[in-house]
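Next comes target07.pdb, a file with PDB, C-alpha atoms and all ligand atoms.
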```
ATOM      1  CA  MET P   1       0.568  16.428 -11.897
ATOM      2  CA  HIS P   2       0.955  17.270  -8.213
ATOM      3  CA  LYS P   3      -2.853  17.268  -8.069
ATOM      4  CA  ASP P   4      -2.775  13.476  -8.275
ATOM      5  CA  TYR P   5      -0.927  13.352  -4.954
ATOM      6  CA  HIS P   6      -0.867  16.528  -2.947
ATOM      7  CA  ILE P   7      -2.753  19.842  -2.740
ATOM      8  CA  PRO P   8      -1.175  22.529  -0.524
ATOM      9  CA  ILE P   9      -3.607  24.638   1.548
ATOM     10  CA  PRO P  10      -1.467  27.599   2.631
ATOM     11  CA  SER P  11      -4.456  29.364   4.207
ATOM     12  CA  LEU P  12      -4.307  26.778   7.007
ATOM     13  CA  LEU P  13      -0.736  27.707   7.974
ATOM     14  CA  PRO P  14      -0.788  27.986  11.774
ATOM     15  CA  THR P  15      -0.770  31.607  12.959
ATOM     16  CA  PRO P  16       0.992  32.927  16.094
ATOM     17  CA  GLU P  17      -2.448  32.863  17.753
ATOM     18  CA  ASP P  18      -2.920  29.201  16.786
ATOM     19  CA  TYR P  19       0.467  28.374  18.331
ATOM     20  CA  ALA P  20      -0.250  30.361  21.490
ATOM     21  CA  GLN P  21      -3.597  28.613  21.971
ATOM     22  CA  ALA P  22      -2.016  25.253  21.207
ATOM     23  CA  GLU P  23       0.591  25.811  23.945
ATOM     24  CA  GLU P  24      -2.221  26.543  26.342
ATOM     25  CA  PHE P  25      -4.762  23.873  25.449
ATOM     26  CA  ILE P  26      -3.360  21.011  23.472
ATOM     27  CA  LEU P  27       0.440  20.798  23.239
ATOM     28  CA  PRO P  28       0.978  19.723  26.873
ATOM     29  CA  ALA P  29      -1.249  16.665  26.231
ATOM     30  CA  ILE P  30       0.488  15.935  22.917
ATOM     31  CA  ARG P  31       3.975  16.156  24.435
ATOM     32  CA  LYS P  32       2.954  13.879  27.317
ATOM     33  CA  GLU P  33       1.537  11.308  24.911
ATOM     34  CA  ALA P  34       4.550  11.596  22.572
ATOM     35  CA  GLU P  35       6.902  10.957  25.480
ATOM     36  CA  ARG P  36       4.949   7.840  26.465
ATOM     37  CA  PHE P  37       4.850   6.673  22.852
ATOM     38  CA  PHE P  38       8.596   7.121  22.224
ATOM     39  CA  LYS P  39       9.418   5.394  25.526
ATOM     40  CA  GLU P  40       7.330   2.401  24.511
ATOM     41  CA  ASN P  41       8.158   2.207  20.821
ATOM     42  CA  GLY P  42      11.442   4.012  20.337
ATOM     43  CA  PRO P  43      11.917   7.052  18.118
ATOM     44  CA  LYS P  44       9.197   6.552  15.512
ATOM     45  CA  PHE P  45       6.401   8.294  13.680
ATOM     46  CA  ASP P  46       2.807   7.340  14.428
ATOM     47  CA  LYS P  47      -0.628   8.382  15.554
ATOM     48  CA  VAL P  48      -1.232   9.141  19.216
ATOM     49  CA  ASN P  49      -4.646   9.423  20.818
ATOM     50  CA  ILE P  50      -5.638  12.804  22.129
ATOM     51  CA  ASP P  51      -8.944  13.748  23.724
ATOM     52  CA  GLN P  52     -11.156  15.246  20.982
ATOM     53  CA  ASN P  53     -12.473  17.820  23.479
ATOM     54  CA  LEU P  54      -9.081  19.533  23.356
ATOM     55  CA  PHE P  55      -9.878  20.539  19.759
ATOM     56  CA  GLU P  56     -13.160  22.139  20.739
ATOM     57  CA  ASN P  57     -12.225  25.808  20.955
ATOM     58  CA  TRP P  58      -8.819  25.929  19.296
ATOM     59  CA  SER P  59      -8.609  28.618  16.580
ATOM     60  CA  LEU P  60      -6.802  26.328  14.115
ATOM     61  CA  ALA P  61      -9.321  23.523  14.620
ATOM     62  CA  ASN P  62     -12.095  26.023  13.955
ATOM     63  CA  ARG P  63     -10.447  27.056  10.657
ATOM     64  CA  ILE P  64     -10.110  23.403   9.678
ATOM     65  CA  ARG P  65     -13.820  22.860  10.461
ATOM     66  CA  ALA P  66     -14.699  25.907   8.336
ATOM     67  CA  HIS P  67     -12.536  24.524   5.503
ATOM     68  CA  PHE P  68     -14.410  21.211   5.643
ATOM     69  CA  LYS P  69     -17.701  23.099   5.586
ATOM     70  CA  GLU P  70     -16.830  25.153   2.516
ATOM     71  CA  LEU P  71     -15.914  21.903   0.738
ATOM     72  CA  ASP P  72     -19.169  20.322   1.931
ATOM     73  CA  LEU P  73     -17.229  17.612   3.779
ATOM     74  CA  GLU P  74     -18.014  16.062   7.136
ATOM     75  CA  LEU P  75     -15.280  15.823   9.744
ATOM     76  CA  ARG P  76     -14.911  12.460  11.467
ATOM     77  CA  ARG P  77     -12.206  13.429  13.953
ATOM     78  CA  PHE P  78      -8.897  15.127  14.462
ATOM     79  CA  CYS P  79      -5.835  12.957  14.938
ATOM     80  CA  VAL P  80      -2.341  13.800  16.052
ATOM     81  CA  PHE P  81       0.779  12.222  14.620
ATOM     82  CA  VAL P  82       4.114  12.616  16.353
ATOM     83  CA  GLY P  83       7.516  11.783  14.942
ATOM     84  CA  ALA P  84      10.969  11.739  16.450
ATOM     85  CA  ALA P  85      13.364  14.253  14.914
ATOM     86  CA  GLY P  86      15.502  12.632  12.231
ATOM     87  CA  PHE P  87      13.368   9.479  11.995
ATOM     88  CA  GLY P  88      12.909   8.011   8.558
ATOM     89  CA  SER P  89      15.609   5.586   7.565
ATOM     90  CA  ASN P  90      13.239   2.728   8.374
ATOM     91  CA  ALA P  91       9.983   4.498   7.491
ATOM     92  CA  SER P  92       8.004   2.245   5.180
ATOM     93  CA  PRO P  93       5.708   2.861   2.218
ATOM     94  CA  HIS P  94       2.117   2.299   3.288
ATOM     95  CA  VAL P  95      -1.508   3.101   2.584
ATOM     96  CA  ASP P  96      -3.561   4.809   5.292
ATOM     97  CA  ALA P  97      -6.480   2.838   6.737
ATOM     98  CA  TRP P  98      -9.923   4.400   7.107
ATOM     99  CA  ALA P  99     -11.585   1.400   8.731
ATOM    100  CA  ASN P 100     -10.883  -2.318   8.876
ATOM    101  CA  ASP P 101     -10.144  -3.440   5.312
ATOM    102  CA  ILE P 102     -10.964  -0.033   3.849
ATOM    103  CA  PRO P 103      -8.167   2.275   2.711
ATOM    104  CA  MET P 104      -8.342   5.967   3.488
ATOM    105  CA  ILE P 105      -8.538   8.058   0.333
ATOM    106  CA  SER P 106      -7.506  11.488   1.517
ATOM    107  CA  ARG P 107      -6.276  13.186   4.642
ATOM    108  CA  LEU P 108      -5.817  16.839   5.518
ATOM    109  CA  ASN P 109      -2.514  17.444   7.296
ATOM    110  CA  VAL P 110      -1.517  20.551   9.185
ATOM    111  CA  PRO P 111       1.987  20.192  10.605
ATOM    112  CA  LEU P 112       2.709  22.352  13.648
ATOM    113  CA  PHE P 113       6.357  21.370  14.113
ATOM    114  CA  GLY P 114       8.933  19.275  12.313
ATOM    115  CA  TYR P 115       8.004  20.063   8.705
ATOM    116  CA  LYS P 116      11.385  21.505   7.735
ATOM    117  CA  GLY P 117      13.457  18.581   6.519
ATOM    118  CA  ALA P 118      10.399  16.314   6.090
ATOM    119  CA  GLU P 119       9.732  14.702   2.727
ATOM    120  CA  LEU P 120       6.556  13.040   1.442
ATOM    121  CA  MET P 121       6.833  10.488  -1.368
ATOM    122  CA  TRP P 122       4.243   8.662  -3.461
ATOM    123  CA  TRP P 123       4.154   5.634  -5.710
ATOM    124  CA  ASN P 124       1.479   4.986  -8.325
ATOM    125  CA  THR P 125       0.124   1.846  -6.664
ATOM    126  CA  TYR P 126      -2.607   1.106  -4.132
ATOM    127  CA  ALA P 127      -3.231  -1.255  -1.195
ATOM    128  CA  ASP P 128      -3.259  -4.189  -3.639
ATOM    129  CA  ASP P 129       0.445  -3.651  -4.415
ATOM    130  CA  LEU P 130       1.996  -7.075  -3.774
ATOM    131  CA  ARG P 131       4.680  -5.471  -1.615
ATOM    132  CA  ILE P 132       2.019  -4.246   0.838
ATOM    133  CA  GLU P 133       0.624  -6.450   3.593
ATOM    134  CA  VAL P 134      -2.293  -6.036   5.961
ATOM    135  CA  ARG P 135      -1.426  -5.874   9.638
ATOM    136  CA  ARG P 136      -3.838  -6.289  12.512
ATOM    137  CA  PHE P 137      -2.716  -5.295  15.973
ATOM    138  CA  HIS P 138      -3.796  -3.749  19.254
ATOM    139  CA  LEU P 139      -3.228  -0.208  20.378
ATOM    140  CA  TYR P 140      -3.684   1.387  23.749
ATOM    141  CA  ASP P 141      -5.999   4.381  23.941
ATOM    142  CA  PRO P 142      -4.895   6.526  26.914
ATOM    143  CA  VAL P 143      -8.145   8.496  26.695
ATOM    144  CA  THR P 144     -10.376   5.478  27.377
ATOM    145  CA  GLY P 145      -7.666   3.381  29.026
ATOM    146  CA  GLU P 146      -8.572   0.456  26.782
ATOM    147  CA  GLU P 147      -6.932  -1.503  24.011
ATOM    148  CA  TYR P 148      -8.570  -1.456  20.608
ATOM    149  CA  ASN P 149      -8.128  -3.279  17.318
ATOM    150  CA  ALA P 150      -6.002  -1.408  14.831
ATOM    151  CA  PHE P 151      -5.285  -2.119  11.220
ATOM    152  CA  SER P 152      -2.733  -0.970   8.674
ATOM    153  CA  TYR P 153      -1.429  -1.506   5.171
ATOM    154  CA  LEU P 154       2.347  -1.530   5.373
ATOM    155  CA  SER P 155       5.203  -2.563   3.103
ATOM    156  CA  LYS P 156       6.477  -6.061   3.843
ATOM    157  CA  SER P 157      10.070  -5.973   5.013
ATOM    158  CA  GLY P 158      12.807  -6.482   2.462
ATOM    159  CA  GLN P 159      10.831  -5.119  -0.472
ATOM    160  CA  THR P 160      12.431  -3.004  -3.165
ATOM    161  CA  TRP P 161      10.694   0.287  -3.888
ATOM    162  CA  GLU P 162      11.729   2.143  -7.006
ATOM    163  CA  ALA P 163      12.210   5.919  -6.997
ATOM    164  CA  PRO P 164       8.917   7.566  -6.022
ATOM    165  CA  ALA P 165       6.619   8.944  -8.737
ATOM    166  CA  PHE P 166       6.241  12.214  -6.872
ATOM    167  CA  SER P 167       7.757  13.795  -3.805
ATOM    168  CA  VAL P 168       7.492  17.051  -1.918
ATOM    169  CA  LYS P 169       9.932  18.541   0.580
ATOM    170  CA  ASP P 170       8.950  20.552   3.673
ATOM    171  CA  PRO P 171       5.212  19.972   3.178
ATOM    172  CA  GLY P 172       3.012  22.536   4.960
ATOM    173  CA  PRO P 173      -0.776  22.285   5.357
ATOM    174  CA  CYS P 174      -2.022  20.024   2.578
ATOM    175  CA  TRP P 175      -4.488  17.427   1.368
ATOM    176  CA  ASN P 176      -2.709  14.160   0.638
ATOM    177  CA  HIS P 177      -3.812  11.268  -1.520
ATOM    178  CA  VAL P 178      -3.200   8.539   1.042
ATOM    179  CA  GLU P 179      -4.837   5.594  -0.768
ATOM    180  CA  LEU P 180      -1.722   5.600  -2.954
ATOM    181  CA  CYS P 181       1.376   3.971  -1.504
ATOM    182  CA  HIS P 182       3.293   6.750   0.194
ATOM    183  CA  LYS P 183       5.930   7.388   2.804
ATOM    184  CA  LEU P 184       7.044  10.186   5.082
ATOM    185  CA  SER P 185      10.732  10.657   5.742
ATOM    186  CA  LEU P 186      11.777  12.746   8.719
ATOM    187  CA  VAL P 187      15.501  12.147   8.153
ATOM    188  CA  GLY P 188      16.161  15.863   7.636
ATOM    189  CA  THR P 189      14.073  17.123  10.554
ATOM    190  CA  THR P 190      15.705  18.597  13.636
ATOM    191  CA  GLU P 191      12.678  18.873  15.934
ATOM    192  CA  MET P 192       9.869  16.525  16.960
ATOM    193  CA  ARG P 193       7.166  16.452  14.318
ATOM    194  CA  VAL P 194       3.658  17.283  15.484
ATOM    195  CA  ASN P 195       1.088  16.914  12.754
ATOM    196  CA  ILE P 196      -2.619  17.595  13.167
ATOM    197  CA  THR P 197      -4.724  15.663  10.726
ATOM    198  CA  ALA P 198      -8.417  15.821   9.943
ATOM    199  CA  GLU P 199     -10.247  12.718   8.742
ATOM    200  CA  LEU P 200     -13.385  12.489   6.650
ATOM    201  CA  LYS P 201     -16.547  10.934   8.035
ATOM    202  CA  THR P 202     -17.758   9.992   4.568
ATOM    203  CA  GLN P 203     -15.097   9.356   1.965
ATOM    204  CA  ILE P 204     -15.282  10.805  -1.541
ATOM    205  CA  PRO P 205     -13.103   9.919  -4.535
ATOM    206  CA  TRP P 206      -9.856  11.873  -4.766
ATOM    207  CA  VAL P 207     -10.906  13.441  -8.105
ATOM    208  CA  ASP P 208     -14.096  14.747  -6.460
ATOM    209  CA  LEU P 209     -12.090  16.310  -3.656
ATOM    210  CA  VAL P 210      -9.785  17.964  -6.206
ATOM    211  CA  GLN P 211     -12.824  19.332  -8.063
ATOM    212  CA  ARG P 212     -14.205  20.850  -4.858
ATOM    213  CA  LEU P 213     -10.809  22.384  -4.078
ATOM    214  CA  GLU P 214     -10.633  23.789  -7.612
ATOM    215  CA  ALA P 215     -14.148  25.231  -7.320
ATOM    216  CA  ASN P 216     -13.043  27.037  -4.135
ATOM    217  CA  GLY P 217      -9.867  28.394  -5.724
ATOM    218  CA  TYR P 218      -7.376  26.208  -3.837
ATOM    219  CA  CYS P 219      -5.738  24.652  -6.872
TER     220      CYS P 219
HETATM  221 FE    FE N   1       0.246   7.835   5.566
END
```
Show me this structure written as structure tokens.
Amino acid sequence: MHKDYHIPIPSLLPTPEDYAQAEEFILPAIRKEAERFFKENGPKFDKVNIDQNLFENWSLANRIRAHFKELDLELRRFCVFVGAAGFGSNASPHVDAWANDIPMISRLNVPLFGYKGAELMWWNTYADDLRIEVRRFHLYDPVTGEEYNAFSYLSKSGQTWEAPAFSVKDPGPCWNHVELCHKLSLVGTTEMRVNITAELKTQIPWVDLVQRLEANGYC
């Protein structure tokens, strides 16, 4: 049943070498961007823009690229999500966006920090759930220094969400079925969450992804 929502990939657990390289190459930029983001938006959880070049030679990024290759998937880009420790009481169910008006089907997540105390929850509905609304807004990209159009599917305020159909606590590296309504709670976390995610250039149905993971012995 968990295969409908979430496939753990323990082989992508960050190693001491991955952490050491991250401290050197990428974490200073992430912390700087997180600080700016929290100052502007308060203690939240969201994507921050990081220069893709920083992922070029990082050991963990290389393992993620190799994982995509063995699954015959094309990588669109790495993204970084940061979350304030303990955030979650007002986290909302949502569906990830892949492009304007197109939901994202799956996302590979590799949390570096802030996974203890985190909880992922899913509901068995999609972007057409009547409680979900489309939001269009502008975001600032510190890499290019320009604003760009952003798009999301987010729960309208004041909606009632029943108990989730599936949930997982302390999720490590994993593929997540993000075209289903889902939510991340960081209520139980005690450190800032830093989550590296890898997006697909060409989307495939979730069942196809699961088949490829099965064929490679991941589930
Ligand atoms: Fe999401």
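Shortest atom-to-atom contact with ligand FE 1 (chain N) among P:Lys32, P:Arg212, P:His2, P:His94: P:His94, counting all atoms listed in the file.
Shortest separation to ligand FE 1 (chain N) among P:Cys219, P:Cys181, P:Val134, P:Ala150 occurs at residue P:Cys181, atoms counted being all atoms listed in the file.
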> When the PyMOL selection byres (((chain P and resi 62-76) around 12) and not hetatm) is applied to the file above, which residues end up in the set, as a PyMOL selection string?
Replying inline: chain P and resi 9-15+18+21+52+54-61+77-79+98-99+106-110+173-175+196-204+208-218
Selection as a PDB file with C-alpha atoms, in the frame of the given file: residues within 8 Å of ligand FE 1 (chain N) by all atoms listed in the file:
```
ATOM      1  CA  HIS P  94       2.117   2.299   3.288  1.00  0.00           C
ATOM      2  CA  VAL P  95      -1.508   3.101   2.584  1.00  0.00           C
ATOM      3  CA  ASP P  96      -3.561   4.809   5.292  1.00  0.00           C
ATOM      4  CA  VAL P 178      -3.200   8.539   1.042  1.00  0.00           C
ATOM      5  CA  HIS P 182       3.293   6.750   0.194  1.00  0.00           C
ATOM      6  CA  LYS P 183       5.930   7.388   2.804  1.00  0.00           C
ATOM      7  CA  LEU P 184       7.044  10.186   5.082  1.00  0.00           C
TER       8      LEU P 184
END
```
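Residues in contact range of Val82 in chain P, defined as at most 10 Å between only C-alpha atoms, with sequence neighbours fewer than 2 positions away removed, read Ile30, Arg31, Glu33, Ala34, Glu35, Phe37, Phe38, Pro43, Lys44, Phe45, Asp46, Lys47, Val48, Val80, Ala84, Ala85, Pro111, Phe113, Gly114, Met192, Arg193, Val194, Asn195 and Ile196 of chain P.
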> What does the PyMOL selection byres (((chain P and resi 5) around 6) and not hetatm) select in this file, as JSON, numbers by chain?
Replying inline: {"P": [2, 3, 4, 6, 176, 177]}
>> Once the PyMOL selection byres (((chain P and resi 161-171) around 8) and not hetatm) has been evaluated on this model, what residues remain selected, and can you format them as a ChimeraX atom specification?
In response: /P:2,5,8,115-124,159-160,172-174
Export C-alpha atoms of the chosen residues as a tab-separated table (two decimals), in the coordinates of the input?
```
chain	number	residue	atom	x	y	z
P	2	HIS	CA	0.96	17.27	-8.21
P	5	TYR	CA	-0.93	13.35	-4.95
P	8	PRO	CA	-1.18	22.53	-0.52
P	115	TYR	CA	8.00	20.06	8.70
P	116	LYS	CA	11.38	21.50	7.74
P	117	GLY	CA	13.46	18.58	6.52
P	118	ALA	CA	10.40	16.31	6.09
P	119	GLU	CA	9.73	14.70	2.73
P	120	LEU	CA	6.56	13.04	1.44
P	121	MET	CA	6.83	10.49	-1.37
P	122	TRP	CA	4.24	8.66	-3.46
P	123	TRP	CA	4.15	5.63	-5.71
P	124	ASN	CA	1.48	4.99	-8.32
P	159	GLN	CA	10.83	-5.12	-0.47
P	160	THR	CA	12.43	-3.00	-3.16
P	172	GLY	CA	3.01	22.54	4.96
P	173	PRO	CA	-0.78	22.28	5.36
P	174	CYS	CA	-2.02	20.02	2.58
```
> Residues around (-2.1, 2.0, -3.9), cut-off 7 Å, counting only C-alpha atoms - what are they as a ChimeraX atom specification?
Replying inline: /P:95,124-129,179-181
Those same residues - C-alpha atoms - I'd like them written as a PDB file, in the frame of the given file.
```pdb
ATOM      1  CA  VAL P  95      -1.508   3.101   2.584  1.00  0.00           C
ATOM      2  CA  ASN P 124       1.479   4.986  -8.325  1.00  0.00           C
ATOM      3  CA  THR P 125       0.124   1.846  -6.664  1.00  0.00           C
ATOM      4  CA  TYR P 126      -2.607   1.106  -4.132  1.00  0.00           C
ATOM      5  CA  ALA P 127      -3.231  -1.255  -1.195  1.00  0.00           C
ATOM      6  CA  ASP P 128      -3.259  -4.189  -3.639  1.00  0.00           C
ATOM      7  CA  ASP P 129       0.445  -3.651  -4.415  1.00  0.00           C
ATOM      8  CA  GLU P 179      -4.837   5.594  -0.768  1.00  0.00           C
ATOM      9  CA  LEU P 180      -1.722   5.600  -2.954  1.00  0.00           C
ATOM     10  CA  CYS P 181       1.376   3.971  -1.504  1.00  0.00           C
TER      11      CYS P 181
END
```
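Residue nearest Leu27 in chain P within the list P:Met104, P:Leu112, P:Ile132, P:Leu186: P:Leu112 [criterion: smallest interatomic distance, all atoms listed in the file].
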Find the smallest box with edges along x, y and z containing every listed atom of range 121-124 of chain P, then add 6 Å on each side and report centre and edge lengths in Å to one decimal, as AutoDock Vina command-line options.
```
--center_x 4.2 --center_y 7.7 --center_z -4.8 --size_x 17.4 --size_y 17.5 --size_z 19.0
```
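The space between CA of Asn49 in chain P and CA of Ile26 in chain P spans 12.0 Å.
Nearest-residue note for Ala97 in chain P: choosing from P:Ser152, P:Thr190, P:Asn41, P:Ser185, the minimum distance belongs to P:Ser152, counting all atoms listed in the file.
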Could you write range 163-192 of chain P as a short mmCIF file (atom, residue, chain, number, x, y, z; two decimals), in the frame of the given file, with N, CA and C atoms rebuilt where they are missing?
```cif
data_model
loop_
_atom_site.label_atom_id
_atom_site.label_comp_id
_atom_site.auth_asym_id
_atom_site.auth_seq_id
_atom_site.Cartn_x
_atom_site.Cartn_y
_atom_site.Cartn_z
N ALA P 163 12.29 4.49 -7.33
CA ALA P 163 12.21 5.92 -7.00
C ALA P 163 10.74 6.35 -7.02
N PRO P 164 10.33 7.17 -6.07
CA PRO P 164 8.92 7.57 -6.02
C PRO P 164 8.48 8.33 -7.27
N ALA P 165 7.18 8.25 -7.57
CA ALA P 165 6.62 8.94 -8.74
C ALA P 165 6.53 10.44 -8.49
N PHE P 166 6.37 10.80 -7.22
CA PHE P 166 6.24 12.21 -6.87
C PHE P 166 6.73 12.40 -5.45
N SER P 167 7.36 13.53 -5.19
CA SER P 167 7.76 13.80 -3.80
C SER P 167 7.70 15.30 -3.54
N VAL P 168 7.52 15.64 -2.29
CA VAL P 168 7.49 17.05 -1.92
C VAL P 168 8.27 17.23 -0.62
N LYS P 169 9.11 18.27 -0.61
CA LYS P 169 9.93 18.54 0.58
C LYS P 169 9.29 19.64 1.42
N ASP P 170 9.47 19.56 2.72
CA ASP P 170 8.95 20.55 3.67
C ASP P 170 7.46 20.80 3.48
N PRO P 171 6.63 19.75 3.44
CA PRO P 171 5.21 19.97 3.18
C PRO P 171 4.54 20.73 4.32
N GLY P 172 3.80 21.78 3.98
CA GLY P 172 3.01 22.54 4.96
C GLY P 172 1.61 21.96 5.00
N PRO P 173 0.60 22.79 5.35
CA PRO P 173 -0.78 22.28 5.36
C PRO P 173 -1.16 21.78 3.96
N CYS P 174 -1.77 20.61 3.90
CA CYS P 174 -2.02 20.02 2.58
C CYS P 174 -3.03 18.87 2.67
N TRP P 175 -3.73 18.66 1.55
CA TRP P 175 -4.49 17.43 1.37
C TRP P 175 -3.55 16.41 0.72
N ASN P 176 -3.56 15.20 1.22
CA ASN P 176 -2.71 14.16 0.64
C ASN P 176 -3.54 12.97 0.19
N HIS P 177 -3.13 12.43 -0.94
CA HIS P 177 -3.81 11.27 -1.52
C HIS P 177 -3.21 10.01 -0.89
N VAL P 178 -3.82 9.58 0.21
CA VAL P 178 -3.20 8.54 1.04
C VAL P 178 -3.66 7.12 0.71
N GLU P 179 -4.52 6.97 -0.34
CA GLU P 179 -4.84 5.59 -0.77
C GLU P 179 -3.77 5.09 -1.73
N LEU P 180 -2.89 6.02 -2.18
CA LEU P 180 -1.72 5.60 -2.95
C LEU P 180 -0.62 5.22 -1.96
N CYS P 181 0.24 4.29 -2.36
CA CYS P 181 1.38 3.97 -1.50
C CYS P 181 2.21 5.24 -1.33
N HIS P 182 2.54 5.54 -0.08
CA HIS P 182 3.29 6.75 0.19
C HIS P 182 4.15 6.56 1.44
N LYS P 183 5.00 7.50 1.68
CA LYS P 183 5.93 7.39 2.80
C LYS P 183 6.35 8.78 3.25
N LEU P 184 6.55 8.92 4.53
CA LEU P 184 7.04 10.19 5.08
C LEU P 184 8.43 9.95 5.64
N SER P 185 9.40 10.73 5.17
CA SER P 185 10.73 10.66 5.74
C SER P 185 10.97 11.88 6.61
N LEU P 186 11.45 11.64 7.81
CA LEU P 186 11.78 12.75 8.72
C LEU P 186 13.28 12.85 8.90
N VAL P 187 14.04 12.21 8.01
CA VAL P 187 15.50 12.15 8.15
C VAL P 187 16.10 13.54 8.34
N GLY P 188 15.57 14.52 7.59
CA GLY P 188 16.16 15.86 7.64
C GLY P 188 15.59 16.77 8.71
N THR P 189 14.69 16.25 9.55
CA THR P 189 14.07 17.12 10.55
C THR P 189 14.96 17.24 11.79
N THR P 190 14.86 18.38 12.45
CA THR P 190 15.70 18.60 13.64
C THR P 190 14.87 18.82 14.89
N GLU P 191 13.54 18.76 14.75
CA GLU P 191 12.68 18.87 15.93
C GLU P 191 11.59 17.81 15.84
N MET P 192 10.95 17.51 16.97
CA MET P 192 9.87 16.52 16.96
C MET P 192 8.76 17.00 16.03
#
```
